[in-house]
>>> print(open('query.txt').read())   # compact mmCIF, C-alpha atoms
# COMPACT_ATOMS: atom_id res chain seq x y z
CA MET A 178 -12.04 -16.34 -9.48
CA SER A 179 -14.28 -14.70 -6.89
CA ASP A 180 -12.36 -15.81 -3.81
CA ASP A 181 -9.04 -14.79 -5.31
CA LEU A 182 -10.45 -11.43 -6.31
CA ALA A 183 -11.99 -10.83 -2.93
CA ARG A 184 -8.62 -11.56 -1.33
CA ALA A 185 -6.77 -9.36 -3.81
CA LEU A 186 -9.19 -6.49 -3.20
CA LYS A 187 -8.88 -6.65 0.58
CA VAL A 188 -7.44 -3.38 1.89
CA GLU A 189 -4.21 -4.36 3.64
CA ARG A 190 -2.69 -0.92 4.07
CA HIS A 191 -4.64 1.46 6.31
CA PRO A 192 -7.48 -1.03 6.84
CA GLU A 193 -9.26 1.68 8.84
CA ARG A 194 -9.89 3.43 5.53
CA ALA A 195 -11.72 0.47 3.98
CA VAL A 196 -15.46 0.92 3.55
CA ALA A 197 -17.57 -2.18 3.02
CA ASP A 198 -20.85 -0.36 2.29
CA ARG A 199 -21.49 -0.60 -1.44
CA ASN A 200 -23.64 2.53 -1.29
CA VAL A 201 -20.52 4.51 -0.42
CA ALA A 202 -18.77 3.06 -3.46
CA PHE A 203 -21.76 3.89 -5.63
CA ALA A 204 -21.87 7.48 -4.36
CA ILE A 205 -18.17 7.91 -5.24
CA LEU A 206 -18.74 6.46 -8.70
CA ASP A 207 -21.73 8.74 -9.21
CA GLU A 208 -19.79 11.84 -8.16
CA GLY A 209 -16.63 11.28 -10.25
CA LEU A 210 -16.39 12.43 -13.84
CA ILE A 211 -13.55 10.27 -15.13
CA CYS A 212 -12.08 6.90 -14.26
CA HIS A 213 -8.69 5.35 -14.96
CA VAL A 214 -8.79 1.99 -16.75
CA ALA A 215 -5.93 -0.52 -16.44
CA PHE A 216 -5.51 -3.40 -18.84
CA VAL A 217 -2.74 -5.54 -20.27
CA ALA A 218 -1.90 -5.09 -23.95
CA GLU A 219 1.22 -6.07 -25.81
CA GLY A 220 2.39 -7.84 -22.71
CA ARG A 221 2.39 -4.91 -20.34
CA PRO A 222 0.01 -2.85 -18.19
CA TRP A 223 -1.51 0.41 -19.39
CA VAL A 224 -3.69 2.96 -17.64
CA ILE A 225 -5.90 5.34 -19.61
CA PRO A 226 -8.39 7.99 -18.44
CA THR A 227 -11.91 7.88 -19.80
CA MET A 228 -15.48 8.73 -18.91
CA TYR A 229 -17.92 6.22 -17.45
CA ALA A 230 -21.35 5.92 -15.88
CA ARG A 231 -22.97 3.63 -13.36
CA ASP A 232 -26.31 1.91 -13.96
CA GLY A 233 -27.12 -0.07 -10.83
CA ASP A 234 -24.52 -2.83 -10.59
CA LEU A 235 -23.03 -2.11 -13.99
CA LEU A 236 -20.36 0.36 -15.06
CA TYR A 237 -20.52 1.59 -18.66
CA LEU A 238 -17.44 2.47 -20.70
CA HIS A 239 -17.45 3.48 -24.33
CA GLY A 240 -15.26 4.51 -27.21
CA SER A 241 -14.08 3.74 -30.68
CA PRO A 242 -13.65 0.09 -31.70
CA ALA A 243 -10.34 1.28 -33.17
CA SER A 244 -8.97 2.33 -29.79
CA ARG A 245 -6.56 -0.12 -28.22
CA MET A 246 -8.28 0.15 -24.87
CA LEU A 247 -11.80 -0.53 -26.11
CA GLY A 248 -10.71 -3.22 -28.54
CA THR A 249 -8.75 -4.97 -25.79
CA LEU A 250 -11.49 -4.72 -23.18
CA ALA A 251 -14.19 -5.91 -25.59
CA GLY A 252 -12.26 -9.17 -25.78
CA GLY A 253 -13.33 -9.91 -22.22
CA VAL A 254 -9.90 -9.63 -20.61
CA ASP A 255 -9.24 -8.72 -16.99
CA VAL A 256 -9.59 -5.03 -16.28
CA SER A 257 -9.27 -2.74 -13.30
CA VAL A 258 -11.09 0.59 -13.13
CA THR A 259 -10.44 3.19 -10.45
CA VAL A 260 -12.30 6.38 -9.60
CA THR A 261 -10.57 8.78 -7.21
CA LEU A 262 -11.97 11.95 -5.65
CA LEU A 263 -9.39 14.18 -4.02
CA ASP A 264 -10.91 15.95 -1.02
CA GLY A 265 -8.00 17.69 0.64
CA LEU A 266 -4.39 18.03 1.67
CA VAL A 267 -3.62 16.96 5.22
CA LEU A 268 -0.76 18.81 6.88
CA ALA A 269 0.83 17.21 9.90
CA ARG A 270 3.65 18.26 12.23
CA SER A 271 6.02 15.72 10.75
CA VAL A 272 6.72 15.29 7.06
CA PHE A 273 5.90 11.60 7.31
CA SER A 274 2.42 12.07 8.72
CA HIS A 275 1.30 14.28 5.83
CA SER A 276 -1.52 12.75 3.87
CA MET A 277 -4.41 13.44 1.55
CA ASN A 278 -8.11 13.10 2.14
CA TYR A 279 -9.68 11.14 -0.68
CA ARG A 280 -12.35 8.66 -1.66
CA SER A 281 -11.50 5.91 -4.13
CA VAL A 282 -13.10 2.83 -5.61
CA VAL A 283 -11.01 0.12 -7.28
CA ILE A 284 -13.04 -2.26 -9.46
CA ALA A 285 -11.77 -5.58 -10.81
CA GLY A 286 -13.57 -7.69 -13.39
CA ARG A 287 -14.15 -8.29 -17.05
CA ALA A 288 -16.16 -6.07 -19.35
CA HIS A 289 -18.49 -7.30 -22.08
CA GLU A 290 -19.71 -5.59 -25.19
CA ILE A 291 -23.31 -4.44 -25.10
CA ARG A 292 -24.65 -5.32 -28.55
CA ASP A 293 -28.40 -5.08 -28.20
CA PRO A 294 -29.25 -1.75 -29.86
CA ASP A 295 -31.72 -0.62 -27.19
CA ALA A 296 -29.41 -1.57 -24.31
CA LYS A 297 -26.49 0.10 -26.09
CA LEU A 298 -28.43 3.32 -26.59
CA GLU A 299 -29.44 3.20 -22.93
CA GLY A 300 -25.75 2.86 -22.02
CA MET A 301 -24.97 5.96 -24.07
CA ARG A 302 -27.76 7.83 -22.34
CA PHE A 303 -26.31 6.92 -18.95
CA LEU A 304 -22.85 8.08 -20.05
CA VAL A 305 -24.16 11.49 -21.11
CA GLU A 306 -26.54 11.94 -18.19
CA HIS A 307 -23.80 10.99 -15.72
CA VAL A 308 -21.65 13.94 -16.78
CA LEU A 309 -24.45 16.45 -17.26
CA PRO A 310 -27.93 15.45 -16.10
CA GLY A 311 -30.58 16.58 -18.56
CA ARG A 312 -28.22 16.91 -21.49
CA TRP A 313 -29.42 13.82 -23.34
CA ALA A 314 -32.80 15.36 -24.12
CA GLU A 315 -31.31 18.73 -25.14
CA ALA A 316 -28.88 17.52 -27.81
CA ARG A 317 -29.41 15.67 -31.08
CA GLN A 318 -29.80 11.97 -30.40
CA PRO A 319 -27.33 9.45 -31.83
CA ASN A 320 -28.22 7.96 -35.20
CA THR A 321 -27.63 4.38 -36.28
CA LYS A 322 -24.39 5.19 -38.06
CA GLU A 323 -22.97 6.87 -34.96
CA MET A 324 -24.02 3.99 -32.74
CA ASN A 325 -22.41 1.51 -35.13
CA THR A 326 -19.07 3.28 -34.86
CA THR A 327 -19.02 3.07 -31.08
CA LEU A 328 -18.44 0.29 -28.61
CA VAL A 329 -20.35 0.36 -25.34
CA LEU A 330 -19.02 -1.98 -22.67
CA GLY A 331 -20.52 -3.07 -19.38
CA LEU A 332 -18.34 -3.94 -16.39
CA PRO A 333 -20.22 -5.71 -13.56
CA LEU A 334 -19.59 -4.08 -10.18
CA ASP A 335 -19.21 -7.45 -8.45
CA HIS A 336 -15.70 -6.93 -7.15
CA LEU A 337 -14.69 -3.59 -5.75
CA SER A 338 -12.71 -2.03 -2.95
CA THR A 339 -13.50 1.35 -1.42
CA LYS A 340 -11.09 3.49 0.59
CA VAL A 341 -11.92 6.77 2.29
CA ARG A 342 -9.69 9.07 4.32
CA THR A 343 -11.27 12.02 6.08
CA GLY A 344 -10.38 14.31 8.92
CA PRO A 345 -7.36 16.01 10.45
CA PRO A 346 -3.74 14.86 10.49
CA VAL A 347 -2.71 12.07 12.83
CA ASP A 348 0.58 13.00 14.45
CA SER A 349 2.47 10.82 16.88
CA ALA A 350 2.26 11.78 20.54
CA ALA A 351 5.84 13.07 20.46
CA ASP A 352 5.10 15.35 17.50
CA ARG A 353 1.87 16.88 18.74
CA SER A 354 3.50 19.65 20.72
CA LEU A 355 5.77 20.80 17.90
CA PRO A 356 5.20 24.43 16.90
CA VAL A 357 4.11 23.48 13.38
CA TRP A 358 0.75 24.40 11.84
CA GLY A 359 -1.37 21.32 11.19
CA GLY A 360 -4.72 21.00 9.51
CA GLU A 361 -6.46 20.54 6.21
CA ILE A 362 -6.77 22.35 2.90
CA PRO A 363 -10.02 21.23 1.24
CA LEU A 364 -9.89 20.39 -2.45
CA SER A 365 -12.82 20.15 -4.80
CA LEU A 366 -13.62 20.14 -8.48
CA ALA A 367 -14.93 23.60 -9.39
CA PHE A 368 -17.30 24.28 -12.27
CA GLY A 369 -16.42 27.63 -13.85
CA ALA A 370 -18.64 30.02 -15.79
CA PRO A 371 -19.91 28.36 -18.97
CA HIS A 372 -19.10 30.07 -22.24
CA ALA A 373 -20.95 29.58 -25.50
CA ASP A 374 -19.12 28.82 -28.71
CA ALA A 375 -19.22 31.08 -31.77
CA LEU A 376 -22.23 29.31 -33.27
CA VAL A 377 -24.65 29.99 -30.44
CA VAL A 378 -27.45 32.41 -31.42
CA ASP A 379 -29.59 32.24 -28.28
CA SER A 380 -27.31 32.66 -25.27
CA THR A 381 -29.87 31.37 -22.77
CA LEU A 382 -28.16 28.59 -20.85
CA PRO A 383 -29.87 25.20 -21.05
CA GLU A 384 -31.17 23.46 -17.94
CA SER A 385 -28.33 20.92 -17.93
CA VAL A 386 -25.72 23.68 -17.72
CA LEU A 387 -27.65 25.70 -15.14
CA GLY A 388 -27.96 22.56 -13.03
CA GLN A 389 -24.20 22.18 -12.80
CA THR A 390 -23.05 25.72 -12.44
CA SER A 391 -25.60 26.55 -9.75
CA ARG A 392 -23.87 23.95 -7.64
CA GLY A 393 -20.57 25.84 -7.92
CA ALA A 394 -18.11 23.19 -6.87
CA ARG A 395 -19.64 19.81 -7.57
CA ALA A 396 -17.49 17.78 -5.23
CA MET B 193 12.02 -2.65 -25.69
CA SER B 194 12.29 0.99 -26.73
CA ASP B 195 10.93 0.62 -30.26
CA ASP B 196 8.00 -1.47 -29.10
CA LEU B 197 7.21 1.03 -26.37
CA ALA B 198 7.43 3.97 -28.72
CA ARG B 199 5.00 2.20 -31.06
CA ALA B 200 2.64 1.31 -28.22
CA LEU B 201 2.65 4.88 -26.95
CA LYS B 202 1.85 6.40 -30.34
CA VAL B 203 -1.49 8.21 -30.16
CA GLU B 204 -3.71 6.44 -32.70
CA ARG B 205 -7.05 7.89 -31.68
CA HIS B 206 -7.41 11.67 -32.15
CA PRO B 207 -3.79 12.09 -33.28
CA GLU B 208 -4.44 15.84 -33.38
CA ARG B 209 -4.43 15.74 -29.59
CA ALA B 210 -0.94 14.26 -29.36
CA VAL B 211 1.76 16.62 -28.09
CA ALA B 212 5.37 15.70 -28.74
CA ASP B 213 6.92 18.50 -26.66
CA ARG B 214 8.24 16.95 -23.45
CA ASN B 215 7.96 20.31 -21.70
CA VAL B 216 4.17 20.09 -22.06
CA ALA B 217 4.26 16.65 -20.46
CA PHE B 218 6.45 17.96 -17.65
CA ALA B 219 4.10 20.89 -17.02
CA ILE B 220 1.16 18.49 -16.72
CA LEU B 221 3.09 16.28 -14.32
CA ASP B 222 4.09 19.30 -12.26
CA GLU B 223 0.51 20.57 -12.03
CA GLY B 224 -1.19 17.30 -11.07
CA LEU B 225 -1.43 16.14 -7.47
CA ILE B 226 -2.09 12.43 -7.90
CA CYS B 227 -1.33 9.82 -10.52
CA HIS B 228 -2.87 6.44 -11.25
CA VAL B 229 -0.42 3.52 -11.31
CA ALA B 230 -1.15 0.34 -13.28
CA PHE B 231 0.71 -2.89 -12.68
CA VAL B 232 0.14 -6.62 -12.95
CA ALA B 233 -0.15 -8.60 -9.72
CA GLU B 234 -1.61 -12.03 -9.14
CA GLY B 235 -1.99 -12.36 -12.88
CA ARG B 236 -4.21 -9.38 -13.50
CA PRO B 237 -4.01 -5.59 -13.95
CA TRP B 238 -4.60 -3.18 -11.09
CA VAL B 239 -4.79 0.59 -10.98
CA ILE B 240 -4.18 2.51 -7.76
CA PRO B 241 -4.09 6.26 -7.05
CA THR B 242 -1.05 7.68 -5.31
CA MET B 243 1.02 10.83 -5.04
CA TYR B 244 4.16 11.44 -7.07
CA ALA B 245 6.72 14.09 -7.95
CA ARG B 246 8.91 14.84 -10.92
CA ASP B 247 12.64 15.48 -10.62
CA GLY B 248 13.93 16.23 -14.10
CA ASP B 249 13.57 13.02 -16.11
CA LEU B 250 12.59 10.93 -13.11
CA LEU B 251 9.20 10.37 -11.48
CA TYR B 252 9.22 9.52 -7.77
CA LEU B 253 6.68 7.22 -6.14
CA HIS B 254 6.71 6.12 -2.53
CA GLY B 255 4.90 4.07 0.05
CA SER B 256 5.08 1.20 2.46
CA PRO B 257 7.16 -1.85 1.53
CA ALA B 258 4.14 -3.83 2.76
CA SER B 259 1.84 -2.40 0.11
CA ARG B 260 1.19 -4.66 -2.84
CA MET B 261 1.75 -1.83 -5.27
CA LEU B 262 5.11 -0.72 -3.92
CA GLY B 263 6.34 -4.23 -3.31
CA THR B 264 5.40 -5.22 -6.85
CA LEU B 265 6.90 -2.15 -8.49
CA ALA B 266 10.14 -2.40 -6.51
CA GLY B 267 10.66 -5.74 -8.25
CA GLY B 268 11.33 -3.84 -11.47
CA VAL B 269 8.23 -4.98 -13.34
CA ASP B 270 6.52 -3.09 -16.13
CA VAL B 271 4.41 -0.21 -14.91
CA SER B 272 2.24 2.47 -16.45
CA VAL B 273 1.58 5.77 -14.68
CA THR B 274 -1.00 8.30 -15.86
CA VAL B 275 -1.67 11.85 -14.74
CA THR B 276 -4.89 13.46 -15.96
CA LEU B 277 -6.02 17.06 -15.54
CA LEU B 278 -9.67 17.69 -16.33
CA ASP B 279 -10.11 21.17 -17.81
CA GLY B 280 -13.72 21.27 -18.91
CA LEU B 281 -16.89 19.79 -20.28
CA VAL B 282 -17.46 20.35 -24.00
CA LEU B 283 -21.10 20.55 -25.04
CA ALA B 284 -21.89 20.01 -28.71
CA ARG B 285 -25.13 20.07 -30.70
CA SER B 286 -25.14 16.31 -31.07
CA VAL B 287 -24.77 13.84 -28.23
CA PHE B 288 -21.93 12.12 -30.06
CA SER B 289 -19.79 15.22 -30.41
CA HIS B 290 -19.75 15.94 -26.68
CA SER B 291 -16.27 15.75 -25.22
CA MET B 292 -14.06 16.84 -22.37
CA ASN B 293 -11.10 19.16 -22.37
CA TYR B 294 -8.20 17.52 -20.61
CA ARG B 295 -4.45 17.12 -20.47
CA SER B 296 -2.97 13.69 -19.81
CA VAL B 297 0.40 11.99 -19.72
CA VAL B 298 0.75 8.22 -19.95
CA ILE B 299 4.15 6.91 -18.86
CA ALA B 300 5.45 3.39 -19.50
CA GLY B 301 8.56 1.94 -17.97
CA ARG B 302 10.05 0.15 -15.01
CA ALA B 303 10.64 1.68 -11.60
CA HIS B 304 13.67 1.03 -9.44
CA GLU B 305 14.13 1.36 -5.72
CA ILE B 306 16.21 4.32 -4.60
CA ARG B 307 18.40 2.94 -1.83
CA ASP B 308 21.09 5.55 -1.34
CA PRO B 309 19.99 7.39 1.83
CA ASP B 310 20.74 10.88 0.51
CA ALA B 311 19.04 10.24 -2.83
CA LYS B 312 16.08 8.67 -1.03
CA LEU B 313 15.70 11.66 1.29
CA GLU B 314 15.89 13.94 -1.73
CA GLY B 315 13.10 11.90 -3.33
CA MET B 316 10.97 12.40 -0.22
CA ARG B 317 11.68 16.12 -0.33
CA PHE B 318 10.50 16.27 -3.94
CA LEU B 319 7.31 14.38 -3.06
CA VAL B 320 6.43 16.83 -0.28
CA GLU B 321 7.47 19.95 -2.17
CA HIS B 322 5.49 18.87 -5.23
CA VAL B 323 2.23 18.92 -3.29
CA LEU B 324 2.93 21.97 -1.17
CA PRO B 325 6.02 24.02 -2.04
CA GLY B 326 7.81 25.20 1.09
CA ARG B 327 6.30 22.55 3.37
CA TRP B 328 9.45 20.43 3.68
CA ALA B 329 11.25 23.10 5.68
CA GLU B 330 8.24 23.84 7.91
CA ALA B 331 7.59 20.32 9.19
CA ARG B 332 9.70 17.91 11.21
CA GLN B 333 12.14 16.15 8.94
CA PRO B 334 12.03 12.36 8.54
CA ASN B 335 14.23 10.36 10.86
CA THR B 336 16.15 7.21 9.99
CA LYS B 337 13.48 4.91 11.34
CA GLU B 338 10.80 6.56 9.22
CA MET B 339 12.97 6.46 6.12
CA ASN B 340 13.66 2.76 6.71
CA THR B 341 9.96 1.97 6.72
CA THR B 342 9.37 3.61 3.35
CA LEU B 343 10.19 2.67 -0.19
CA VAL B 344 11.05 5.44 -2.63
CA LEU B 345 10.96 4.42 -6.28
CA GLY B 346 12.21 6.22 -9.37
CA LEU B 347 10.51 5.78 -12.76
CA PRO B 348 12.53 7.15 -15.69
CA LEU B 349 10.45 9.41 -17.94
CA ASP B 350 11.91 7.88 -21.09
CA HIS B 351 8.65 6.69 -22.62
CA LEU B 352 5.59 8.85 -22.39
CA SER B 353 2.62 9.98 -24.40
CA THR B 354 0.88 13.32 -23.97
CA LYS B 355 -2.64 14.17 -25.10
CA VAL B 356 -4.32 17.55 -24.85
CA ARG B 357 -7.80 18.61 -25.90
CA THR B 358 -8.71 22.28 -25.71
CA GLY B 359 -11.29 24.57 -27.23
CA PRO B 360 -14.93 24.52 -28.28
CA PRO B 361 -17.03 21.59 -29.51
CA VAL B 362 -16.54 20.31 -33.05
CA ASP B 363 -19.94 19.67 -34.58
CA SER B 364 -20.51 18.31 -38.06
CA ALA B 365 -21.58 20.81 -40.70
CA ALA B 366 -25.12 19.41 -40.66
CA ASP B 367 -25.42 19.88 -36.89
CA ARG B 368 -24.07 23.40 -36.64
CA SER B 369 -27.38 25.11 -37.32
CA LEU B 370 -29.32 23.08 -34.75
CA PRO B 371 -30.92 25.26 -32.05
CA VAL B 372 -28.88 23.63 -29.28
CA TRP B 373 -26.57 25.53 -26.92
CA GLY B 374 -22.93 24.58 -27.46
CA GLY B 375 -19.84 25.61 -25.57
CA GLU B 376 -17.64 24.80 -22.62
CA ILE B 377 -17.92 24.56 -18.85
CA PRO B 378 -14.43 25.03 -17.39
CA LEU B 379 -13.36 22.66 -14.64
CA SER B 380 -10.53 23.18 -12.20
CA LEU B 381 -9.25 21.90 -8.91
CA ALA B 382 -10.20 24.44 -6.23
CA PHE B 383 -8.25 24.94 -3.01
CA GLY B 384 -10.68 25.77 -0.19
CA ALA B 385 -10.09 27.72 3.00
CA PRO B 386 -7.52 25.94 5.18
CA HIS B 387 -8.62 24.96 8.66
CA ALA B 388 -6.29 24.21 11.54
CA ASP B 389 -6.68 21.07 13.63
CA ALA B 390 -7.43 21.13 17.35
CA LEU B 391 -3.74 21.12 18.33
CA VAL B 392 -2.80 24.38 16.65
CA VAL B 393 -1.94 27.14 19.13
CA ASP B 394 -0.75 29.84 16.73
CA SER B 395 -3.31 30.15 13.93
CA THR B 396 -0.98 32.10 11.64
CA LEU B 397 -0.96 30.21 8.36
CA PRO B 398 2.47 29.01 7.22
CA GLU B 399 3.98 30.18 3.95
CA SER B 400 3.32 26.86 2.22
CA VAL B 401 -0.41 27.10 2.88
CA LEU B 402 -0.61 30.79 1.98
CA GLY B 403 1.16 30.01 -1.28
CA GLN B 404 -1.55 27.59 -2.34
CA THR B 405 -4.68 29.30 -1.14
CA SER B 406 -3.69 32.65 -2.58
CA ARG B 407 -3.84 30.98 -5.98
CA GLY B 408 -7.46 30.02 -5.44
CA ALA B 409 -7.94 27.34 -8.04
CA ARG B 410 -4.59 25.82 -8.79
CA ALA B 411 -5.44 24.28 -12.14
>>> encode(input="query.txt", output="structure tokens")
Amino acid sequence: MSDDLARALKVERHPERAVADRNVAFAILDEGLICHVAFVAEGRPWVIPTMYARDGDLLYLHGSPASRMLGTLAGGVDVSVTVTLLDGLVLARSVFSHSMNYRSVVIAGRAHEIRDPDAKLEGMRFLVEHVLPGRWAEARQPNTKEMNTTLVLGLPLDHLSTKVRTGPPVDSAADRSLPVWGGEIPLSLAFGAPHADALVVDSTLPESVLGQTSRGARA
Amino acid sequence: MSDDLARALKVERHPERAVADRNVAFAILDEGLICHVAFVAEGRPWVIPTMYARDGDLLYLHGSPASRMLGTLAGGVDVSVTVTLLDGLVLARSVFSHSMNYRSVVIAGRAHEIRDPDAKLEGMRFLVEHVLPGRWAEARQPNTKEMNTTLVLGLPLDHLSTKVRTGPPVDSAADRSLPVWGGEIPLSLAFGAPHADALVVDSTLPESVLGQTSRGARA
């Protein structure tokens, strides 16, 4: 399978955007908040958004055993997971040279269920800490009943493909002198002001929330 | 196929998040900038990010005929396209009740190639105008050679599933009195300050760019 997968993951279009360095892939995975998971069920492809977390060379996914996605993936079928960070709009002189700046990682493999209770709890901790570092220790920990109603899956990061586009538009020589504005509009994910729910008595923000909002835009 | 698809698209998990109103789905599709496309190639599922645009009941996709995704989809195979807007992090008292606020549309169907030159050009116009309204008229229009090196596909929006989560965390009765901060951190896509490339002589921003940046965060 490995050779076929390596071939399938080779970036054929815009090969200049391919990045071989796995650390770049890992940084993208660590920055994103959600992934899109593709799998085949009932004879056709589906793609569903969900949260995830990376632990070294492993990607965690989780959810209800009753969900079609989790139930299907737990069976060890082929899956593809993609994380995309949108960094900007790229405006060229010609319509056709317009583009977007982005960073994406496409993963291919098979996920397995993590059954060992300690490893499963550790997977949950990674999932929570990925979204909001420090939150795990602030909130009530999962109990056995909650853990038993959740599937945690691990997807090995053995086969992945990273693409990155950065920088200004690339217009053809003939277009460069056209009197059309060209450049970039940066895009980022912005963290807004946190607001407490109606149950909160002490409005002091916890460290996990302060850690995110002090960064303003995370991306 | 329709009955099977309708059944497969029924929201089984968190049915309270399902939204039947197609206008809600259309608003999500109109607000998003990229979609994730799932398809089967070489015997396994793949998911790839790309841009799109909606024209009534049709979703346009485009790209190079040499790309695996476009080449595969143009063959009229089953495809799933998902657009996800991330609206916030939802912090509960218990780890397990943490969530995200989001709006997503999952589309299932088969795309077809749009070959008629006028219809194809109109598809391209929708793709550009979706990302940056007004930009089509500002930039150099596509010529025949460019149009011939691009595939434009149409995916009918006949079968889709919309899920929306909004609002505060939902903690169990037993957790509500825990001394843990609960609430939301809003998330949105932020448009940064545009910057011209090195070729720009007149730094006056065009209407299309002003239209976006004046909105600050688009989402």
>>> residues_around(input="query.txt", residues="Ala230 in chain A", least_positions_apart="6", cutoff="12 Å", atoms="only C-alpha atoms", output="ChimeraX atom specification")
/A:203-212,236-239,258,260,299-310,329-334
>>> residues_near_point(input="query.txt", point="(-12.0, 0.8, -2.3)", cutoff="12 Å", atoms="all atoms listed in the file", output="PDB file with C-alpha atoms, in the coordinates of the input")
ATOM      1  CA  ALA A 183     -11.990 -10.830  -2.930  1.00  0.00           C
ATOM      2  CA  ALA A 185      -6.770  -9.360  -3.810  1.00  0.00           C
ATOM      3  CA  LEU A 186      -9.190  -6.490  -3.200  1.00  0.00           C
ATOM      4  CA  LYS A 187      -8.880  -6.650   0.580  1.00  0.00           C
ATOM      5  CA  VAL A 188      -7.440  -3.380   1.890  1.00  0.00           C
ATOM      6  CA  GLU A 189      -4.210  -4.360   3.640  1.00  0.00           C
ATOM      7  CA  ARG A 190      -2.690  -0.920   4.070  1.00  0.00           C
ATOM      8  CA  HIS A 191      -4.640   1.460   6.310  1.00  0.00           C
ATOM      9  CA  PRO A 192      -7.480  -1.030   6.840  1.00  0.00           C
ATOM     10  CA  GLU A 193      -9.260   1.680   8.840  1.00  0.00           C
ATOM     11  CA  ARG A 194      -9.890   3.430   5.530  1.00  0.00           C
ATOM     12  CA  ALA A 195     -11.720   0.470   3.980  1.00  0.00           C
ATOM     13  CA  VAL A 196     -15.460   0.920   3.550  1.00  0.00           C
ATOM     14  CA  ALA A 197     -17.570  -2.180   3.020  1.00  0.00           C
ATOM     15  CA  ASP A 198     -20.850  -0.360   2.290  1.00  0.00           C
ATOM     16  CA  ARG A 199     -21.490  -0.600  -1.440  1.00  0.00           C
ATOM     17  CA  ASN A 200     -23.640   2.530  -1.290  1.00  0.00           C
ATOM     18  CA  VAL A 201     -20.520   4.510  -0.420  1.00  0.00           C
ATOM     19  CA  ALA A 202     -18.770   3.060  -3.460  1.00  0.00           C
ATOM     20  CA  PHE A 203     -21.760   3.890  -5.630  1.00  0.00           C
ATOM     21  CA  ILE A 205     -18.170   7.910  -5.240  1.00  0.00           C
ATOM     22  CA  LEU A 206     -18.740   6.460  -8.700  1.00  0.00           C
ATOM     23  CA  SER A 257      -9.270  -2.740 -13.300  1.00  0.00           C
ATOM     24  CA  VAL A 258     -11.090   0.590 -13.130  1.00  0.00           C
ATOM     25  CA  THR A 259     -10.440   3.190 -10.450  1.00  0.00           C
ATOM     26  CA  VAL A 260     -12.300   6.380  -9.600  1.00  0.00           C
ATOM     27  CA  THR A 261     -10.570   8.780  -7.210  1.00  0.00           C
ATOM     28  CA  LEU A 262     -11.970  11.950  -5.650  1.00  0.00           C
ATOM     29  CA  TYR A 279      -9.680  11.140  -0.680  1.00  0.00           C
ATOM     30  CA  ARG A 280     -12.350   8.660  -1.660  1.00  0.00           C
ATOM     31  CA  SER A 281     -11.500   5.910  -4.130  1.00  0.00           C
ATOM     32  CA  VAL A 282     -13.100   2.830  -5.610  1.00  0.00           C
ATOM     33  CA  VAL A 283     -11.010   0.120  -7.280  1.00  0.00           C
ATOM     34  CA  ILE A 284     -13.040  -2.260  -9.460  1.00  0.00           C
ATOM     35  CA  ALA A 285     -11.770  -5.580 -10.810  1.00  0.00           C
ATOM     36  CA  LEU A 334     -19.590  -4.080 -10.180  1.00  0.00           C
ATOM     37  CA  HIS A 336     -15.700  -6.930  -7.150  1.00  0.00           C
ATOM     38  CA  LEU A 337     -14.690  -3.590  -5.750  1.00  0.00           C
ATOM     39  CA  SER A 338     -12.710  -2.030  -2.950  1.00  0.00           C
ATOM     40  CA  THR A 339     -13.500   1.350  -1.420  1.00  0.00           C
ATOM     41  CA  LYS A 340     -11.090   3.490   0.590  1.00  0.00           C
ATOM     42  CA  VAL A 341     -11.920   6.770   2.290  1.00  0.00           C
ATOM     43  CA  ARG A 342      -9.690   9.070   4.320  1.00  0.00           C
TER      44      ARG A 342
ATOM     45  CA  VAL B 239      -4.790   0.590 -10.980  1.00  0.00           C
ATOM     46  CA  ILE B 240      -4.180   2.510  -7.760  1.00  0.00           C
ATOM     47  CA  PRO B 241      -4.090   6.260  -7.050  1.00  0.00           C
TER      48      PRO B 241
END
>>> closest_residue(input="query.txt", among="B:Phe288, B:Gly263, B:Val271, B:Arg368", to="Pro237 in chain B", atoms="only C-alpha atoms")
B:Val271
>>> residues_around(input="query.txt", residues="Thr321 in chain A", least_positions_apart="2", cutoff="12 Å", atoms="all atoms listed in the file", output="mmCIF file with C-alpha atoms, in the coordinates of the input")
data_model
loop_
_atom_site.group_PDB
_atom_site.id
_atom_site.type_symbol
_atom_site.label_atom_id
_atom_site.label_comp_id
_atom_site.auth_asym_id
_atom_site.auth_seq_id
_atom_site.Cartn_x
_atom_site.Cartn_y
_atom_site.Cartn_z
ATOM 1 C CA PRO A 294 -29.250 -1.750 -29.860
ATOM 2 C CA ASP A 295 -31.720 -0.620 -27.190
ATOM 3 C CA LYS A 297 -26.490 0.100 -26.090
ATOM 4 C CA LEU A 298 -28.430 3.320 -26.590
ATOM 5 C CA GLN A 318 -29.800 11.970 -30.400
ATOM 6 C CA PRO A 319 -27.330 9.450 -31.830
ATOM 7 C CA GLU A 323 -22.970 6.870 -34.960
ATOM 8 C CA MET A 324 -24.020 3.990 -32.740
ATOM 9 C CA ASN A 325 -22.410 1.510 -35.130
ATOM 10 C CA THR A 326 -19.070 3.280 -34.860
ATOM 11 C CA THR A 327 -19.020 3.070 -31.080
ATOM 12 C CA PHE B 288 -21.930 12.120 -30.060
#
>>> atom_distance(input="query.txt", atom1="CA of Arg260 in chain B", atom2="CA of Ala233 in chain B")
8.0 Å
>>> closest_residue(input="query.txt", among="A:Ala350, A:Leu182, A:Ala316, A:Ala375", to="chain B", atoms="all atoms listed in the file")
A:Ala316
